[in-house]
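*Asks:* Next up is a structure, given as structure tokens.
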Amino acid sequence: MAEFESPVLKEYPTGGGDLQLADMSATTKLLVRSDLEQFGVGFGASAHVGEALVCGSRPGEWLLMGEAGDCAGAADRVNTGGFTNVIDHTHSRALFRLTGARATSVLEKLCGLDWTDSMTPDGAVVSASVAKVNSDIIRNDTGIAGNATGGQPSYLIACDRSFGQYLFDVLMDAGTEFDLTVTS
Amino acid sequence: MSGSRLPPQPAEVIDRAAPVDFTWNGKPLSGFAGDTIASALVGNGVRIVSRSMKYHRPRGYMTADYWDPNGLVQVGDDPNVRSGHRLLTADMEVSAQNVWPSLEHDVKAASRLVGRFLTAGFYYKTFMRPQRLWPAYEKILATFAPGGRIDLETPHGYHDKRYAHPDVVVAGGGPAGMAAAVAAATAGASVMLVEHGHALGGHLLWGGADDRSLAAELRDAVDAAGVEVITNSTVTGRYEDNWVAIVQRSHPVAVERLIKARSKVLIAAPGLIERPYVFEGNDKPGVMLSGAVRRLINMYGVRPGESAVVFSANADGDAAADDLERAGIHVASLVDARRGETVVAARGPAKSVKTVELGDGSKVHADLLVTATGWTAPTSLMNMAGDRPVYNESAARFVSATRIDNVLACGGLAGDGSLDQLVAHAQATGRLAADRAAVVHHRIQSHTARARSVEGDEPPWPDDSREPLPLDPHPALFRSSTHGIVDFSEDVGSKDLVAAANEGYDSVELLKRFTTATMGPAQGKLETVNTVAVLAEARSETIAEVGTTVWRPPYAPITLGALGGRIFEPVRVSSIQPWHETNGAVPILAGAWIRPEHYGDAAAEVRNTRANVGITDVTPLGKLDLRGPDVPRLLSQLYTNKWMKLPIGSVRYGIMCAEDGVVLDDGVTGRLGEEHYLMTTTSSGAGTIWEWAENWLQTEHPEWQVHVTPVTTGFTSINVAGPNARELVGHLTDIDLDPAVFEYMRVRTGTVAGISNCFMWRIGFTGELSYELHVPSGHGLHVWEALLDAGTDLGVAAFGLEAQRIMRLEKGHFIVGQDTDGLTKAPTTGMDSLIKLDKPDFAGKPELVWAADADLPRIVAIQTANPREVPIEAAQIVRAGSNEILGRITSSRMSPTLKRSICLGQVPESLAVGGTELTVVMGDGRRIKARVMEHHAHFDPEGERLRG
């Protein structure tokens, strides 16, 4: 199989600074839609199921992210009673991770939500406009497999793949004043 | 110009070790780091800095701060810079605005000769008639327009935006604001402290040693409390639910940043603004307010004059006199308003004060007249929250009258008293704000799914138990026995106001709009109360009876750049976009999508596709993944045709209507599995149809089990079209393309160029043998390039949107939104066989049943008699020999295949018969003959190529 082509194709300054943006679009993403409760994860919350991250992205909808095998493992635990479907969203969504003490400052420039710890704690899941692009944002300080964050504030930002390059550009621009660099 | 620097002053904020060079009207001057432009100019002996707006009278600094109506200057290509506020930087090019040929000798000052004719309302009355001369008036008036120069070549600066959700925003960083912020933060609130000036401290900055000591102490407390401090920034507006707009001018990267703060409680602590006094000559250079004199001497170490008369009604005026004497400036007379003494006029040549005439008729020689006649409480933020201030006669100022739950006042806005009293009141305000913010926070957090869970019930709303501040008595001083300027920004005098009142503009809101008093750059901060007082005098009423105007946002003028902020214009691209860019595609913006319109020659792309094989990127086609046992019901509801028996592996075309029977969208849907379908929509209809489907599922048929999931960009969509399409695709896929098993309007799943989970549909918009490939987008570019590589010997070439549109027009396929409009009902499309009125129901059916016998227009193919004539799209079809409009051309092109003009158009049903002759009005007005075709298709009407 040919290598996964990311929606982000431009070159950016890389480095190991305190504030980092990573393109994680190749991460496997499965969308579970069900009229049953799944994984014990409610709307607006996320949790690790095995090595996969399960996000309650909308009422009756969960987004699974991680390595392909981990997601498949999590998907195997879906309660298939009721009306339930699992849809591969890997190619539909761009996914970025913004990590660092000033990550919140970057988001504050692009999104009108309250990012304080009490309102958006680690594990919180929201859908919001980021620079006018509908996005799912997951506060994930703990990281998912192969993507440790060192416990710093960290946000996974997922948007429609076609907006991926635009949103990555906007995030980089917003982060310029905080020395945002790209990391793999 | 003589230098006017004083020896170092105890409170000065300039760094005398850091000189800063700049120019003033082209002349090189020098100031110090920490200087404002104003202090640097005064420090260089400059006394005239501008000309007044209407009469071009010479003006000098009056307040020497942000609000100075005389201090607007041009800095480089930046017009209307507030020189009393903007800090001096190296190599600044500062110049006076709107003067010609020079500030010193301004020819426009001749307008003073006709000044008595330029009263309020002059423009309204004079330039109304004759109306035909307005263009000429406009040109002349434009030359007298105030303000600086705008250079259209100047690049747009970086204007940023930030959203914030502090518990408490404190507007004003004086002693009260700082004390309130510290108290709120200490009580556990997150606090944003916004200061208009460059440093925290307010009036303490130019006060005595005790004042400065208190300022330092409070600043340390602010730091220790973790308050976010934003200086050189203005809270410009308070809107619903405490949405607070803050313009930050101090950002290290952005020219300006608009902070949109959703504050749970707003504390208004803007302090008081010193009010000018109205008398003859009150706008002469050399007439200053006491605060200006104290700032210039104490903070910047500059000499505002040589010999002063101080007209004082309060302690600040007295302090100004003390500061002047301490600085070695002769105080020729201290005129004490508290003893009934007054000033009548400042006299002298136009550009300076020479003598001051007092109320007792005496005249005092002086070049500086300092007034300290009272204060205006800038209640703007309270007004914006619903407060309507009332006049307090004893204190001679308007004060807030309403207590607002989430907007609290402290400092001078709330009253007077000693510094200790003000600080104690502010601390109580800060604590109250924190407590109330905690209640709001609890409420929001407990109602937000993602938020950390909160314990306990919502606390009770804290009562306001603050001890009110006293209001000190103050002489009511607004206008002397002479007339003078009231609004220095707009050049409106007290005589103008009296005249306007006598004309009938005797409501303060009318007077304001008629005379423009209070509507200039100072936004009423200096002139509102005097305007009201002059009107009250003219009406022989009290100020309380007249009332005041309503202060609305913005608190201070705001730049368009700050309002615009960063411009976010999202664009969408397919995974093939890099190839398009490197292969000469001419982009076209279709909605948010950037698409290749063509690669240099659309006609050649058509010819190649018809002759060989072409590939085109159709990723923007809307794609909805449909799953569930009730998908056929949903499809039957959405489409006008029947869907209950679509076999697995088949694709069907359909039209969708809104409830009014108007065509909403069209497209094909394929059945991939027992309960799995893929729907395509038009590119522009993707979002609408998703919402349309969800609307039916969620509101009309929640019992149906269907999951609709948008997957538009989950798949890169490539249309392979042309006689060699089968052979090309066959090189790359494991799907059996034998037409006997993979017929027209069928769908298959398989591998293409090594990529699994691809969908392949045999459909065709171009009229050619076509395969539409839907490839997982992470491999879209790979498949595209594989097709090009594999098709080299087959003549493969990419074609763009324009070629696709030409080919669909040759084939006679209509486009929703192009050939239909907001009134086009389904029968107009000519797809009668797809409108199944015998179905139990579908969206739009009742309207279509009702309209079954109506004479609806029809979409028909049209050929012009002269094959070279291509009518413009939207060209009218008229009745021969008249101007009666019968229809219009909806699409038109020159066909590269047929080498003639081809069109689609809408005509009345009675004309939609093959062979009917039409008259088409060309863009240049000529009328040409055209003919209705037998079929929609100009090319291959039997569809042999399509089904080949």
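Quick note on naming: the chains in the structure tokens go A, B, ... in the order shown, residues restart at 1 in each chain, and ligands are numbered from 1 in order of appearance.
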Pull out every residue of chain B that has at least one atom within 8 Å of chain A, counting only C-alpha atoms, and report them as an mmCIF file with N, CA and C atoms, in the first residue's frame.

*Replies:*
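Okay, iface-v2.cif is ready:
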data_model
loop_
_atom_site.group_PDB
_atom_site.id
_atom_site.type_symbol
_atom_site.label_atom_id
_atom_site.label_comp_id
_atom_site.auth_asym_id
_atom_site.auth_seq_id
_atom_site.Cartn_x
_atom_site.Cartn_y
_atom_site.Cartn_z
ATOM 1 N N ASP B 160 -4.554 41.598 15.346
ATOM 2 C CA ASP B 160 -4.799 40.276 15.907
ATOM 3 C C ASP B 160 -6.119 40.254 16.673
ATOM 4 N N LYS B 161 -6.490 39.066 17.063
ATOM 5 C CA LYS B 161 -7.723 38.876 17.821
ATOM 6 C C LYS B 161 -7.454 37.830 18.901
ATOM 7 N N ARG B 162 -8.089 38.006 20.015
ATOM 8 C CA ARG B 162 -7.942 37.026 21.084
ATOM 9 C C ARG B 162 -9.264 36.909 21.832
ATOM 10 N N TYR B 163 -9.594 35.704 22.214
ATOM 11 C CA TYR B 163 -10.777 35.480 23.041
ATOM 12 C C TYR B 163 -10.304 35.183 24.462
ATOM 13 N N ALA B 164 -10.999 35.741 25.442
ATOM 14 C CA ALA B 164 -10.611 35.503 26.831
ATOM 15 C C ALA B 164 -11.868 35.330 27.674
ATOM 16 N N HIS B 165 -11.727 34.619 28.766
ATOM 17 C CA HIS B 165 -12.868 34.352 29.653
ATOM 18 C C HIS B 165 -12.479 34.616 31.100
ATOM 19 N N VAL B 253 3.616 41.901 18.945
ATOM 20 C CA VAL B 253 3.662 41.507 17.534
ATOM 21 C C VAL B 253 2.632 42.276 16.710
ATOM 22 N N GLN B 445 -20.202 26.332 34.660
ATOM 23 C CA GLN B 445 -19.470 25.067 34.719
ATOM 24 C C GLN B 445 -20.423 23.887 34.923
ATOM 25 N N THR B 448 -22.100 22.829 31.585
ATOM 26 C CA THR B 448 -21.265 22.570 30.413
ATOM 27 C C THR B 448 -20.764 21.135 30.462
ATOM 28 N N ALA B 449 -21.091 20.373 29.439
ATOM 29 C CA ALA B 449 -20.801 18.936 29.457
ATOM 30 C C ALA B 449 -19.317 18.653 29.637
ATOM 31 N N ARG B 450 -18.485 19.423 28.977
ATOM 32 C CA ARG B 450 -17.066 19.082 28.977
ATOM 33 C C ARG B 450 -16.357 19.538 30.243
ATOM 34 N N ALA B 451 -16.997 20.419 31.007
ATOM 35 C CA ALA B 451 -16.307 21.059 32.124
ATOM 36 C C ALA B 451 -16.093 20.093 33.282
ATOM 37 N N ARG B 452 -15.136 20.432 34.099
ATOM 38 C CA ARG B 452 -14.893 19.666 35.314
ATOM 39 C C ARG B 452 -16.162 19.743 36.178
ATOM 40 N N PHE B 568 -10.074 35.627 8.526
ATOM 41 C CA PHE B 568 -10.016 34.183 8.306
ATOM 42 C C PHE B 568 -10.861 33.837 7.080
ATOM 43 N N GLU B 569 -10.223 33.308 6.074
ATOM 44 C CA GLU B 569 -10.933 32.895 4.864
ATOM 45 C C GLU B 569 -10.555 31.450 4.548
ATOM 46 N N PRO B 570 -11.255 30.514 5.154
ATOM 47 C CA PRO B 570 -10.894 29.113 4.944
ATOM 48 C C PRO B 570 -11.036 28.710 3.477
ATOM 49 N N VAL B 571 -10.099 27.946 3.033
ATOM 50 C CA VAL B 571 -10.185 27.379 1.682
ATOM 51 C C VAL B 571 -9.997 25.869 1.775
ATOM 52 N N ARG B 572 -10.641 25.183 0.850
ATOM 53 C CA ARG B 572 -10.560 23.729 0.825
ATOM 54 C C ARG B 572 -9.823 23.295 -0.435
ATOM 55 N N VAL B 573 -9.038 22.278 -0.287
ATOM 56 C CA VAL B 573 -8.347 21.724 -1.459
ATOM 57 C C VAL B 573 -8.430 20.205 -1.402
ATOM 58 N N SER B 574 -8.370 19.594 -2.550
ATOM 59 C CA SER B 574 -8.364 18.132 -2.597
ATOM 60 C C SER B 574 -6.936 17.642 -2.426
ATOM 61 N N SER B 575 -6.798 16.351 -2.274
ATOM 62 C CA SER B 575 -5.456 15.791 -2.086
ATOM 63 C C SER B 575 -4.623 15.899 -3.368
ATOM 64 N N ARG B 627 -26.117 4.629 6.304
ATOM 65 C CA ARG B 627 -26.189 3.250 6.817
ATOM 66 C C ARG B 627 -27.455 3.064 7.637
ATOM 67 N N GLY B 628 -27.983 1.874 7.534
ATOM 68 C CA GLY B 628 -29.142 1.548 8.353
ATOM 69 C C GLY B 628 -30.255 0.908 7.543
ATOM 70 N N GLN B 705 -34.095 4.258 11.372
ATOM 71 C CA GLN B 705 -32.711 3.974 11.758
ATOM 72 C C GLN B 705 -31.796 4.238 10.562
ATOM 73 N N HIS B 707 -27.972 6.309 9.776
ATOM 74 C CA HIS B 707 -26.841 7.171 10.125
ATOM 75 C C HIS B 707 -26.341 7.845 8.850
ATOM 76 N N VAL B 711 -18.726 12.275 4.162
ATOM 77 C CA VAL B 711 -17.396 11.716 3.880
ATOM 78 C C VAL B 711 -16.821 12.374 2.624
ATOM 79 N N THR B 712 -17.240 13.595 2.366
ATOM 80 C CA THR B 712 -16.843 14.255 1.114
ATOM 81 C C THR B 712 -15.349 14.195 0.885
ATOM 82 N N THR B 713 -14.581 14.598 1.877
ATOM 83 C CA THR B 713 -13.134 14.604 1.627
ATOM 84 C C THR B 713 -12.449 13.372 2.193
ATOM 85 N N GLY B 714 -13.238 12.437 2.669
ATOM 86 C CA GLY B 714 -12.646 11.142 3.013
ATOM 87 C C GLY B 714 -12.246 10.393 1.757
ATOM 88 N N PHE B 715 -12.879 10.784 0.659
ATOM 89 C CA PHE B 715 -12.559 10.162 -0.627
ATOM 90 C C PHE B 715 -12.128 11.220 -1.632
ATOM 91 N N GLY B 754 -3.327 -0.338 -6.312
ATOM 92 C CA GLY B 754 -2.849 -0.915 -5.057
ATOM 93 C C GLY B 754 -3.572 -0.395 -3.832
ATOM 94 N N ILE B 755 -4.512 0.498 -4.016
ATOM 95 C CA ILE B 755 -5.239 1.074 -2.886
ATOM 96 C C ILE B 755 -6.583 0.358 -2.755
ATOM 97 N N PRO B 776 -9.738 6.418 -1.034
ATOM 98 C CA PRO B 776 -9.409 7.005 0.277
ATOM 99 C C PRO B 776 -8.405 8.146 0.103
ATOM 100 N N SER B 777 -8.741 9.318 0.657
ATOM 101 C CA SER B 777 -8.019 10.542 0.296
ATOM 102 C C SER B 777 -6.535 10.518 0.620
ATOM 103 N N GLY B 778 -6.164 9.730 1.597
ATOM 104 C CA GLY B 778 -4.742 9.629 1.921
ATOM 105 C C GLY B 778 -3.938 9.003 0.811
ATOM 106 N N HIS B 779 -4.609 8.528 -0.232
ATOM 107 C CA HIS B 779 -3.919 7.941 -1.373
ATOM 108 C C HIS B 779 -4.419 8.526 -2.695
ATOM 109 N N GLY B 780 -5.133 9.621 -2.605
ATOM 110 C CA GLY B 780 -5.729 10.205 -3.796
ATOM 111 C C GLY B 780 -4.707 10.646 -4.829
ATOM 112 N N LEU B 781 -3.673 11.300 -4.376
ATOM 113 C CA LEU B 781 -2.646 11.787 -5.304
ATOM 114 C C LEU B 781 -1.918 10.614 -5.959
ATOM 115 N N HIS B 782 -1.693 9.568 -5.153
ATOM 116 C CA HIS B 782 -1.030 8.378 -5.689
ATOM 117 C C HIS B 782 -1.839 7.798 -6.843
#

*Asks:* In terms of the shortest atom-to-atom distance over only C-alpha atoms, which of B:Gln818, B:Thr733, B:Thr864, B:Ser895 is closest to B:Ala803?

*Replies:*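 The answer is B:Ser895, which sits nearest to B:Ala803.
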
*Asks:* Which residues, written as a PyMOL selection string, have at least one atom at most 10 Å from stretch 241-250 of chain B, with only C-alpha atoms counted and residues fewer than 5 positions away on the same chain left out?

*Replies:* chain B and resi 86+159-165+168-169+171+194-196+198+230-236+255-266+381+384-385+406-407+553-556+558-559+562-563

*Asks:* Once DSSP has gone over the backbone, tell me which residues of stretch 32-154 of chain A are in strand (DSSP E), as a ChimeraX atom specification.

*Replies:* /A:32-34,46-49,52-58,61-66,84-88,93-99,125-130,133-139,154

*Asks:* Could you work out how far atom CA of B:Ala843 lies from atom CA of B:Cys657, giving the answer in Å with one decimal?

*Replies:*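 Calculated distance between atom CA of B:Cys657 and atom CA of B:Ala843 is 6.0 Å.
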
*Asks:* Could you jot down the atom CA of B:Leu118 to atom CA of B:Phe144 separation for me, Å, one decimal place?

*Replies:*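 It comes out at 12.9 Å.
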